[in-house]
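Engineer: One file: entry.cif (mmCIF, C-alpha atoms).
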```cif
data_target
#
loop_
_atom_site.label_atom_id
_atom_site.label_comp_id
_atom_site.auth_asym_id
_atom_site.auth_seq_id
_atom_site.Cartn_x
_atom_site.Cartn_y
_atom_site.Cartn_z
CA ASP A 1 -29.98 28.73 53.71
CA THR A 2 -31.09 27.47 50.31
CA GLY A 3 -31.01 23.75 51.11
CA VAL A 4 -33.88 21.37 51.82
CA SER A 5 -35.64 22.31 55.02
CA GLN A 6 -37.76 20.02 57.18
CA ASN A 7 -39.78 20.72 60.26
CA PRO A 8 -40.33 19.91 62.94
CA ARG A 9 -36.97 18.26 63.45
CA HIS A 10 -38.33 16.17 66.27
CA LYS A 11 -41.88 15.24 67.19
CA ILE A 12 -42.96 13.20 70.21
CA THR A 13 -46.58 12.15 70.22
CA LYS A 14 -48.91 9.69 71.87
CA ARG A 15 -50.30 6.71 70.02
CA GLY A 16 -53.45 7.61 68.15
CA GLN A 17 -52.59 11.25 67.54
CA ASN A 18 -52.11 12.79 64.10
CA VAL A 19 -48.82 14.37 63.06
CA THR A 20 -47.79 16.44 60.06
CA PHE A 21 -44.32 17.03 58.69
CA ARG A 22 -43.37 19.73 56.26
CA CYS A 23 -40.63 19.78 53.65
CA ASP A 24 -39.43 22.85 51.77
CA PRO A 25 -37.30 21.72 48.83
CA ILE A 26 -34.68 23.68 46.94
CA SER A 27 -36.75 26.23 45.06
CA GLU A 28 -36.12 25.21 41.46
CA HIS A 29 -36.36 21.47 42.11
CA ASN A 30 -39.36 19.80 40.53
CA ARG A 31 -38.90 16.39 42.15
CA LEU A 32 -39.60 15.82 45.85
CA TYR A 33 -39.19 12.50 47.65
CA TRP A 34 -40.20 11.21 51.06
CA TYR A 35 -38.28 8.39 52.72
CA ARG A 36 -38.50 6.69 56.09
CA GLN A 37 -35.51 5.41 58.02
CA THR A 38 -35.50 3.25 61.12
CA LEU A 39 -32.50 2.68 63.33
CA GLY A 40 -29.74 0.71 61.65
CA GLN A 41 -31.50 0.56 58.30
CA GLY A 42 -31.14 2.43 55.07
CA PRO A 43 -33.91 4.82 54.02
CA GLU A 44 -37.05 3.27 52.50
CA PHE A 45 -38.95 4.95 49.71
CA LEU A 46 -42.42 6.26 50.62
CA THR A 47 -43.56 8.50 47.80
CA TYR A 48 -42.46 11.13 45.32
CA PHE A 49 -43.81 14.10 43.43
CA GLN A 50 -43.09 15.65 40.09
CA ASN A 51 -44.21 19.24 40.68
CA GLU A 52 -47.64 18.86 42.32
CA ALA A 53 -48.35 15.39 40.92
CA GLN A 54 -47.81 12.40 43.19
CA LEU A 55 -46.29 9.87 40.80
CA GLU A 56 -45.72 6.85 43.00
CA LYS A 57 -46.58 5.59 46.45
CA SER A 58 -44.88 2.71 48.20
CA ARG A 59 -46.81 -0.21 49.64
CA LEU A 60 -45.32 1.00 52.94
CA LEU A 61 -47.63 3.99 52.77
CA SER A 62 -50.77 2.73 54.45
CA ASP A 63 -54.11 4.54 54.37
CA ARG A 64 -53.06 6.41 57.50
CA PHE A 65 -50.35 8.19 55.53
CA SER A 66 -51.03 10.99 53.10
CA ALA A 67 -48.68 13.32 51.31
CA GLU A 68 -49.40 16.45 49.34
CA ARG A 69 -47.51 19.02 47.36
CA PRO A 70 -50.33 21.42 46.54
CA LYS A 71 -48.49 24.11 44.60
CA GLY A 72 -45.49 22.12 43.50
CA SER A 73 -43.30 23.75 46.10
CA PHE A 74 -43.42 22.59 49.74
CA SER A 75 -44.83 19.21 50.69
CA THR A 76 -46.55 17.81 53.76
CA LEU A 77 -46.61 14.25 55.05
CA GLU A 78 -49.44 13.50 57.45
CA ILE A 79 -49.73 10.40 59.58
CA GLN A 80 -53.13 9.78 61.14
CA ARG A 81 -53.76 7.65 64.22
CA THR A 82 -50.06 7.13 64.83
CA GLU A 83 -48.79 3.75 65.98
CA GLN A 84 -45.56 2.91 67.77
CA GLY A 85 -44.29 1.29 64.59
CA ASP A 86 -44.41 4.68 62.89
CA SER A 87 -41.48 5.84 65.02
CA ALA A 88 -38.73 6.63 62.56
CA MET A 89 -36.82 9.40 60.84
CA TYR A 90 -38.79 10.86 57.95
CA LEU A 91 -36.48 12.22 55.28
CA CYS A 92 -37.30 14.56 52.45
CA ALA A 93 -35.14 15.03 49.38
CA SER A 94 -35.42 17.07 46.22
CA SER A 95 -33.87 17.08 42.81
CA LEU A 96 -34.20 18.65 39.41
CA ARG A 97 -35.37 16.42 36.60
CA ARG A 98 -34.98 17.45 33.00
CA ALA A 99 -36.31 15.40 30.09
CA SER A 100 -33.01 15.88 28.30
CA TRP A 101 -30.73 14.45 30.98
CA GLY A 102 -32.86 12.70 33.57
CA THR A 103 -32.78 13.17 37.31
CA GLY A 104 -30.03 15.23 38.85
CA GLU A 105 -28.31 15.03 42.15
CA LEU A 106 -30.46 14.49 45.20
CA PHE A 107 -30.35 16.89 48.13
CA PHE A 108 -31.62 15.77 51.52
CA GLY A 109 -33.13 17.61 54.43
CA GLU A 110 -32.00 16.95 57.99
CA GLY A 111 -35.04 14.78 58.61
CA SER A 112 -37.95 14.82 61.03
CA ARG A 113 -37.67 12.29 63.82
CA LEU A 114 -40.98 10.89 65.05
CA THR A 115 -41.32 9.16 68.41
CA VAL A 116 -44.68 7.59 69.14
CA LEU A 117 -45.19 6.72 72.82
CA LYS B 1 -32.46 -10.55 49.25
CA ASN B 2 -32.06 -6.78 49.14
CA GLU B 3 -31.85 -5.17 45.74
CA VAL B 4 -28.83 -3.16 46.91
CA GLU B 5 -26.23 -4.90 49.04
CA GLN B 6 -23.29 -3.25 50.75
CA SER B 7 -20.22 -4.70 52.34
CA PRO B 8 -18.88 -4.57 54.89
CA GLN B 9 -21.67 -3.55 57.26
CA ASN B 10 -19.18 -2.21 59.78
CA LEU B 11 -15.63 -1.07 59.27
CA THR B 12 -13.02 0.24 61.63
CA ALA B 13 -9.74 1.74 60.50
CA GLN B 14 -6.72 3.56 61.80
CA GLU B 15 -6.15 7.09 60.63
CA GLY B 16 -4.30 7.09 57.33
CA GLU B 17 -5.56 3.74 56.09
CA PHE B 18 -7.02 3.20 52.63
CA ILE B 19 -10.68 2.18 52.85
CA THR B 20 -12.95 0.44 50.36
CA ILE B 21 -16.71 0.03 50.63
CA ASN B 22 -18.50 -2.14 48.11
CA CYS B 23 -21.99 -1.99 46.65
CA SER B 24 -23.72 -4.59 44.48
CA TYR B 25 -27.17 -4.21 43.00
CA SER B 26 -29.56 -6.51 41.19
CA VAL B 27 -31.87 -4.07 39.39
CA GLY B 28 -31.50 -1.95 36.29
CA ILE B 29 -30.29 1.51 37.13
CA SER B 30 -29.83 4.86 35.48
CA ALA B 31 -27.38 6.16 38.08
CA LEU B 32 -25.88 5.36 41.47
CA HIS B 33 -25.39 7.62 44.47
CA TRP B 34 -22.88 7.38 47.25
CA LEU B 35 -24.20 9.18 50.31
CA GLN B 36 -22.73 10.05 53.69
CA GLN B 37 -24.87 10.14 56.83
CA HIS B 38 -23.59 11.54 60.10
CA PRO B 39 -25.14 10.92 63.52
CA GLY B 40 -28.29 13.01 63.81
CA GLY B 41 -29.54 12.02 60.39
CA GLY B 42 -28.33 14.51 57.81
CA ILE B 43 -27.48 12.90 54.47
CA VAL B 44 -25.05 14.41 52.02
CA SER B 45 -24.57 13.26 48.47
CA LEU B 46 -20.91 12.46 47.77
CA PHE B 47 -21.16 11.20 44.21
CA MET B 48 -23.69 10.49 41.53
CA LEU B 49 -22.32 8.36 38.73
CA SER B 50 -23.53 6.23 35.88
CA SER B 51 -20.22 5.04 34.45
CA GLY B 52 -16.51 5.02 35.07
CA LYS B 53 -14.93 6.82 37.96
CA LYS B 54 -15.22 10.08 39.86
CA LYS B 55 -12.80 11.66 42.30
CA HIS B 56 -13.34 14.38 44.86
CA GLY B 57 -10.52 15.11 47.22
CA ARG B 58 -9.66 11.91 49.09
CA LEU B 59 -12.78 10.14 47.84
CA ILE B 60 -12.97 8.02 44.71
CA ALA B 61 -16.05 6.25 43.38
CA THR B 62 -16.09 3.68 40.61
CA ILE B 63 -18.88 1.80 38.91
CA ASN B 64 -18.97 -1.25 36.65
CA ILE B 65 -22.37 -1.35 34.97
CA GLN B 66 -21.85 -4.80 33.44
CA GLU B 67 -20.98 -6.34 36.81
CA LYS B 68 -23.57 -4.22 38.68
CA HIS B 69 -20.99 -3.18 41.21
CA SER B 70 -19.63 0.05 42.63
CA SER B 71 -16.90 0.88 45.10
CA LEU B 72 -16.19 3.88 47.27
CA HIS B 73 -12.58 4.42 48.26
CA ILE B 74 -11.25 6.77 50.89
CA THR B 75 -7.54 7.47 50.76
CA ALA B 76 -5.64 8.62 53.85
CA SER B 77 -8.68 8.17 56.10
CA HIS B 78 -9.27 10.61 58.92
CA PRO B 79 -11.44 10.47 62.07
CA ARG B 80 -13.77 13.05 60.52
CA ASP B 81 -14.59 10.47 57.84
CA SER B 82 -16.41 8.45 60.51
CA ALA B 83 -20.00 8.17 59.32
CA VAL B 84 -22.42 5.81 57.65
CA TYR B 85 -21.85 5.49 53.92
CA ILE B 86 -24.89 4.53 51.88
CA CYS B 87 -25.09 3.30 48.32
CA ALA B 88 -28.34 4.08 46.51
CA VAL B 89 -29.41 3.34 42.95
CA TYR B 90 -31.87 5.13 40.71
CA ASN B 91 -34.45 2.62 39.51
CA THR B 92 -37.46 3.99 37.58
CA ASP B 93 -36.91 7.45 39.06
CA LYS B 94 -36.78 6.47 42.70
CA LEU B 95 -33.77 5.66 44.83
CA ILE B 96 -33.33 2.23 46.35
CA PHE B 97 -30.96 2.35 49.29
CA GLY B 98 -28.52 -0.12 50.70
CA THR B 99 -28.42 -0.55 54.48
CA GLY B 100 -25.18 1.38 54.78
CA THR B 101 -21.64 0.78 55.99
CA ARG B 102 -20.74 2.20 59.37
CA LEU B 103 -17.17 3.47 59.28
CA GLN B 104 -15.16 4.42 62.33
CA VAL B 105 -11.70 5.86 61.89
CA PHE B 106 -9.56 6.03 65.00
CA PRO B 107 -6.64 8.42 65.48
#
```
Would you mind writing the file's structure down as structure tokens?
Structural biologist:
Amino acid sequence: DTGVSQNPRHKITKRGQNVTFRCDPISEHNRLYWYRQTLGQGPEFLTYFQNEAQLEKSRLLSDRFSAERPKGSFSTLEIQRTEQGDSAMYLCASSLRRASWGTGELFFGEGSRLTVL
Amino acid sequence: KNEVEQSPQNLTAQEGEFITINCSYSVGISALHWLQQHPGGGIVSLFMLSSGKKKHGRLIATINIQEKHSSLHITASHPRDSAVYICAVYNTDKLIFGTGTRLQVFP
């Protein structure tokens, strides 16, 4: 399977615990995005990377959230001291951006669903 | 007010009906995506367009940049088309999503 892969698919944790999600994008894609989606809502932008550089972070991304893409390939999203309000689907997407024609089509992973008890 | 608005929020149809979902946006964009999300979360890109019209099978997407409006049409709808359809626009390299249109097609 050469699509975007996310794991774990589902994580249940107790309030106050730390969780980490991983995203493996399509191999040649230089752009990687993280989104969060709560029930009945469209996805909300969290952050994105161009290769290993984190180019933008949303105001939604509090100090408890950190994302990395150390080698410009896979990315991790860590949430420290989880709160019940963090319960959501965390979506990763990747795309290929070329200076000559901008950002290409976006490919999404299946998402990682977080439930904080 | 959301930067990307979709209508209707919910839509039910009988199999075979022609369906239209609308998307209006208030920001400058470089491109617009129509996405399909099935229960369980997976999102699939249906179209990415920046002008005119695209067609893929029974799906047609149009965009009017001047009016900041796009439509997604489904001809001869089928129960397997039941999903949430999301409009998303590229604004300064990130996607801004609408809240989606939940479509149910009954046999």
Engineer: Since I can't run it myself right now, could you work out what the PyMOL selection byres ((chain A and resi 80) around 12) selects here and report it as a ChimeraX atom specification?
Structural biologist: /A:13-21,61-67,77-79,81-83,86,116
Engineer: Got a sec to resolve the PyMOL selection byres ((chain B and resi 92-96) around 8) on this structure and send the residues as a list in words?
Structural biologist: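 After applying the PyMOL selection byres ((chain B and resi 92-96) around 8), what remains is Glu44, Phe45, Tyr48 and Thr103 of chain A; Glu3, Val4, Ile29, Ser30, Ala88, Val89, Tyr90, Asn91, Phe97 and Gly98 of chain B.
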Engineer: Which residue, A:Gln6, A:Gln54, A:Gln41, A:Ser112, has the smallest gap to chain B when you use only C-alpha atoms?
Structural biologist: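 That would be A:Gln41, the residue with the smallest distance to chain B.
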Engineer: Could you pull out every residue with an atom within 9 Å of (-45.1, 24.7, 42.3), file coordinates, counting all atoms listed in the file, and send them as a ChimeraX atom specification?
Structural biologist: /A:27,30,51-52,69-74
Engineer: Please write the residues picked by the PyMOL selection byres ((chain B and resi 13-19) around 6) on this file as a list in words.
Structural biologist: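 That expression, the PyMOL selection byres ((chain B and resi 13-19) around 6), corresponds here to Thr12, Thr20, His73, Ile74, Thr75, Ala76, Ser77, His78, Val105, Phe106 and Pro107 of chain B.
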Engineer: Write out as a list in words every residue belonging to chain A that has an atom at most 7 Å from any atom of chain B, counting all atoms listed in the file.
Structural biologist: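 The contacting residues on chain A are Gln41, Gly42, Pro43, Glu44, Glu105, Leu106, Phe107, Phe108, Gly109, Glu110 and Gly111 of chain A.
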Engineer: Would you save the residues of that selection, restricted to C-alpha atoms, as a short mmCIF file (atom, residue, chain, number, x, y, z; two decimals), in the frame of the given file?
Structural biologist:
```cif
data_model
loop_
_atom_site.label_atom_id
_atom_site.label_comp_id
_atom_site.auth_asym_id
_atom_site.auth_seq_id
_atom_site.Cartn_x
_atom_site.Cartn_y
_atom_site.Cartn_z
CA GLN A 41 -31.50 0.56 58.30
CA GLY A 42 -31.14 2.43 55.07
CA PRO A 43 -33.91 4.82 54.02
CA GLU A 44 -37.05 3.27 52.50
CA GLU A 105 -28.31 15.03 42.15
CA LEU A 106 -30.46 14.49 45.20
CA PHE A 107 -30.35 16.89 48.13
CA PHE A 108 -31.62 15.77 51.52
CA GLY A 109 -33.13 17.61 54.43
CA GLU A 110 -32.00 16.95 57.99
CA GLY A 111 -35.04 14.78 58.61
#
```
Engineer: Given all atoms listed in the file as the basis, pick out the residue of A:Ile12, A:Leu32, A:Met89, A:Cys23 nearest to Gly104 (chain A).
Structural biologist: A:Leu32
Engineer: Which of these, B:Leu11, B:Asn2, B:Ser26, B:Lys54, has the shortest distance to Ser71 (chain B) once you count all atoms listed in the file?
Structural biologist: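 For Ser71 (chain B), the nearest of the candidates is B:Lys54.
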Engineer: Show me, as a PyMOL selection string, the residues that have an atom within 8 Å of Ala83 (chain B) when counting all atoms listed in the file, minus same-chain residues fewer than 6 positions from it.
Structural biologist: chain B and resi 36-39+102-104
Engineer: May I ask for the distance between CA of His10 (chain A) and CA of Gln6 (chain B), given in Å to one decimal place?
Structural biologist: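 It comes out at 29.1 Å.
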Engineer: Which value, in Å to one decimal, gives the distance between CA of Ser5 (chain A) and CA of Phe49 (chain A)?
Structural biologist: 16.4 Å
Engineer: With all atoms listed in the file as the basis for distance, which of A:Thr38, A:Ser75, A:Ala53, A:Leu60 is at the shortest distance from Ser94 (chain A)?
Structural biologist: A:Ser75
Engineer: Please complete region 23-45 of chain B so it has N, CA, C and O atoms, and hand it over as a PDB file, in the coordinates of the input.
Structural biologist:
```pdb
ATOM      1  N   CYS B  23     -20.542  -2.023  46.855  1.00  0.00           N
ATOM      2  CA  CYS B  23     -21.990  -1.990  46.650  1.00  0.00           C
ATOM      3  C   CYS B  23     -22.316  -2.841  45.428  1.00  0.00           C
ATOM      4  O   CYS B  23     -21.742  -2.632  44.352  1.00  0.00           O
ATOM      5  N   SER B  24     -23.229  -3.789  45.598  1.00  0.00           N
ATOM      6  CA  SER B  24     -23.720  -4.590  44.480  1.00  0.00           C
ATOM      7  C   SER B  24     -25.226  -4.438  44.385  1.00  0.00           C
ATOM      8  O   SER B  24     -25.904  -4.349  45.415  1.00  0.00           O
ATOM      9  N   TYR B  25     -25.741  -4.407  43.175  1.00  0.00           N
ATOM     10  CA  TYR B  25     -27.170  -4.210  43.000  1.00  0.00           C
ATOM     11  C   TYR B  25     -27.700  -5.203  41.966  1.00  0.00           C
ATOM     12  O   TYR B  25     -26.955  -5.708  41.133  1.00  0.00           O
ATOM     13  N   SER B  26     -28.978  -5.467  42.046  1.00  0.00           N
ATOM     14  CA  SER B  26     -29.560  -6.510  41.190  1.00  0.00           C
ATOM     15  C   SER B  26     -30.616  -5.978  40.228  1.00  0.00           C
ATOM     16  O   SER B  26     -31.199  -6.752  39.473  1.00  0.00           O
ATOM     17  N   VAL B  27     -30.840  -4.656  40.253  1.00  0.00           N
ATOM     18  CA  VAL B  27     -31.870  -4.070  39.390  1.00  0.00           C
ATOM     19  C   VAL B  27     -31.205  -3.208  38.326  1.00  0.00           C
ATOM     20  O   VAL B  27     -30.035  -2.837  38.446  1.00  0.00           O
ATOM     21  N   GLY B  28     -31.986  -2.886  37.290  1.00  0.00           N
ATOM     22  CA  GLY B  28     -31.500  -1.950  36.290  1.00  0.00           C
ATOM     23  C   GLY B  28     -31.456  -0.554  36.873  1.00  0.00           C
ATOM     24  O   GLY B  28     -32.331  -0.177  37.649  1.00  0.00           O
ATOM     25  N   ILE B  29     -30.412   0.181  36.551  1.00  0.00           N
ATOM     26  CA  ILE B  29     -30.290   1.510  37.130  1.00  0.00           C
ATOM     27  C   ILE B  29     -29.950   2.520  36.052  1.00  0.00           C
ATOM     28  O   ILE B  29     -29.432   2.184  34.984  1.00  0.00           O
ATOM     29  N   SER B  30     -30.266   3.783  36.354  1.00  0.00           N
ATOM     30  CA  SER B  30     -29.830   4.860  35.480  1.00  0.00           C
ATOM     31  C   SER B  30     -28.635   5.601  36.087  1.00  0.00           C
ATOM     32  O   SER B  30     -27.877   6.247  35.371  1.00  0.00           O
ATOM     33  N   ALA B  31     -28.504   5.519  37.400  1.00  0.00           N
ATOM     34  CA  ALA B  31     -27.380   6.160  38.080  1.00  0.00           C
ATOM     35  C   ALA B  31     -27.267   5.596  39.484  1.00  0.00           C
ATOM     36  O   ALA B  31     -28.201   4.954  39.987  1.00  0.00           O
ATOM     37  N   LEU B  32     -26.126   5.842  40.117  1.00  0.00           N
ATOM     38  CA  LEU B  32     -25.880   5.360  41.470  1.00  0.00           C
ATOM     39  C   LEU B  32     -25.344   6.518  42.296  1.00  0.00           C
ATOM     40  O   LEU B  32     -24.534   7.321  41.827  1.00  0.00           O
ATOM     41  N   HIS B  33     -25.839   6.600  43.517  1.00  0.00           N
ATOM     42  CA  HIS B  33     -25.390   7.620  44.470  1.00  0.00           C
ATOM     43  C   HIS B  33     -24.541   6.969  45.554  1.00  0.00           C
ATOM     44  O   HIS B  33     -24.864   5.882  46.037  1.00  0.00           O
ATOM     45  N   TRP B  34     -23.505   7.660  45.965  1.00  0.00           N
ATOM     46  CA  TRP B  34     -22.880   7.380  47.250  1.00  0.00           C
ATOM     47  C   TRP B  34     -23.216   8.542  48.172  1.00  0.00           C
ATOM     48  O   TRP B  34     -23.034   9.715  47.812  1.00  0.00           O
ATOM     49  N   LEU B  35     -23.724   8.195  49.354  1.00  0.00           N
ATOM     50  CA  LEU B  35     -24.200   9.180  50.310  1.00  0.00           C
ATOM     51  C   LEU B  35     -23.464   8.994  51.631  1.00  0.00           C
ATOM     52  O   LEU B  35     -23.042   7.889  51.965  1.00  0.00           O
ATOM     53  N   GLN B  36     -23.359  10.086  52.379  1.00  0.00           N
ATOM     54  CA  GLN B  36     -22.730  10.050  53.690  1.00  0.00           C
ATOM     55  C   GLN B  36     -23.753  10.535  54.709  1.00  0.00           C
ATOM     56  O   GLN B  36     -24.387  11.581  54.501  1.00  0.00           O
ATOM     57  N   GLN B  37     -23.911   9.761  55.775  1.00  0.00           N
ATOM     58  CA  GLN B  37     -24.870  10.140  56.830  1.00  0.00           C
ATOM     59  C   GLN B  37     -24.152  10.187  58.163  1.00  0.00           C
ATOM     60  O   GLN B  37     -23.597   9.194  58.626  1.00  0.00           O
ATOM     61  N   HIS B  38     -24.199  11.379  58.779  1.00  0.00           N
ATOM     62  CA  HIS B  38     -23.590  11.540  60.100  1.00  0.00           C
ATOM     63  C   HIS B  38     -24.636  11.317  61.180  1.00  0.00           C
ATOM     64  O   HIS B  38     -25.844  11.397  60.903  1.00  0.00           O
ATOM     65  N   PRO B  39     -24.196  11.039  62.411  1.00  0.00           N
ATOM     66  CA  PRO B  39     -25.140  10.920  63.520  1.00  0.00           C
ATOM     67  C   PRO B  39     -26.048  12.135  63.593  1.00  0.00           C
ATOM     68  O   PRO B  39     -25.595  13.255  63.395  1.00  0.00           O
ATOM     69  N   GLY B  40     -27.338  11.912  63.839  1.00  0.00           N
ATOM     70  CA  GLY B  40     -28.290  13.010  63.810  1.00  0.00           C
ATOM     71  C   GLY B  40     -29.119  13.006  62.556  1.00  0.00           C
ATOM     72  O   GLY B  40     -30.171  13.647  62.501  1.00  0.00           O
ATOM     73  N   GLY B  41     -28.669  12.299  61.529  1.00  0.00           N
ATOM     74  CA  GLY B  41     -29.540  12.020  60.390  1.00  0.00           C
ATOM     75  C   GLY B  41     -29.225  12.673  59.081  1.00  0.00           C
ATOM     76  O   GLY B  41     -29.636  12.179  58.053  1.00  0.00           O
ATOM     77  N   GLY B  42     -28.525  13.804  59.070  1.00  0.00           N
ATOM     78  CA  GLY B  42     -28.330  14.510  57.810  1.00  0.00           C
ATOM     79  C   GLY B  42     -27.592  13.675  56.780  1.00  0.00           C
ATOM     80  O   GLY B  42     -26.607  13.016  57.088  1.00  0.00           O
ATOM     81  N   ILE B  43     -28.096  13.666  55.556  1.00  0.00           N
ATOM     82  CA  ILE B  43     -27.480  12.900  54.470  1.00  0.00           C
ATOM     83  C   ILE B  43     -26.930  13.863  53.444  1.00  0.00           C
ATOM     84  O   ILE B  43     -27.607  14.803  53.019  1.00  0.00           O
ATOM     85  N   VAL B  44     -25.705  13.586  53.026  1.00  0.00           N
ATOM     86  CA  VAL B  44     -25.050  14.410  52.020  1.00  0.00           C
ATOM     87  C   VAL B  44     -24.680  13.524  50.843  1.00  0.00           C
ATOM     88  O   VAL B  44     -24.172  12.413  51.031  1.00  0.00           O
ATOM     89  N   SER B  45     -24.944  14.003  49.655  1.00  0.00           N
ATOM     90  CA  SER B  45     -24.570  13.260  48.470  1.00  0.00           C
ATOM     91  C   SER B  45     -23.086  13.465  48.202  1.00  0.00           C
ATOM     92  O   SER B  45     -22.616  14.599  48.115  1.00  0.00           O
TER      93      SER B  45
END
```
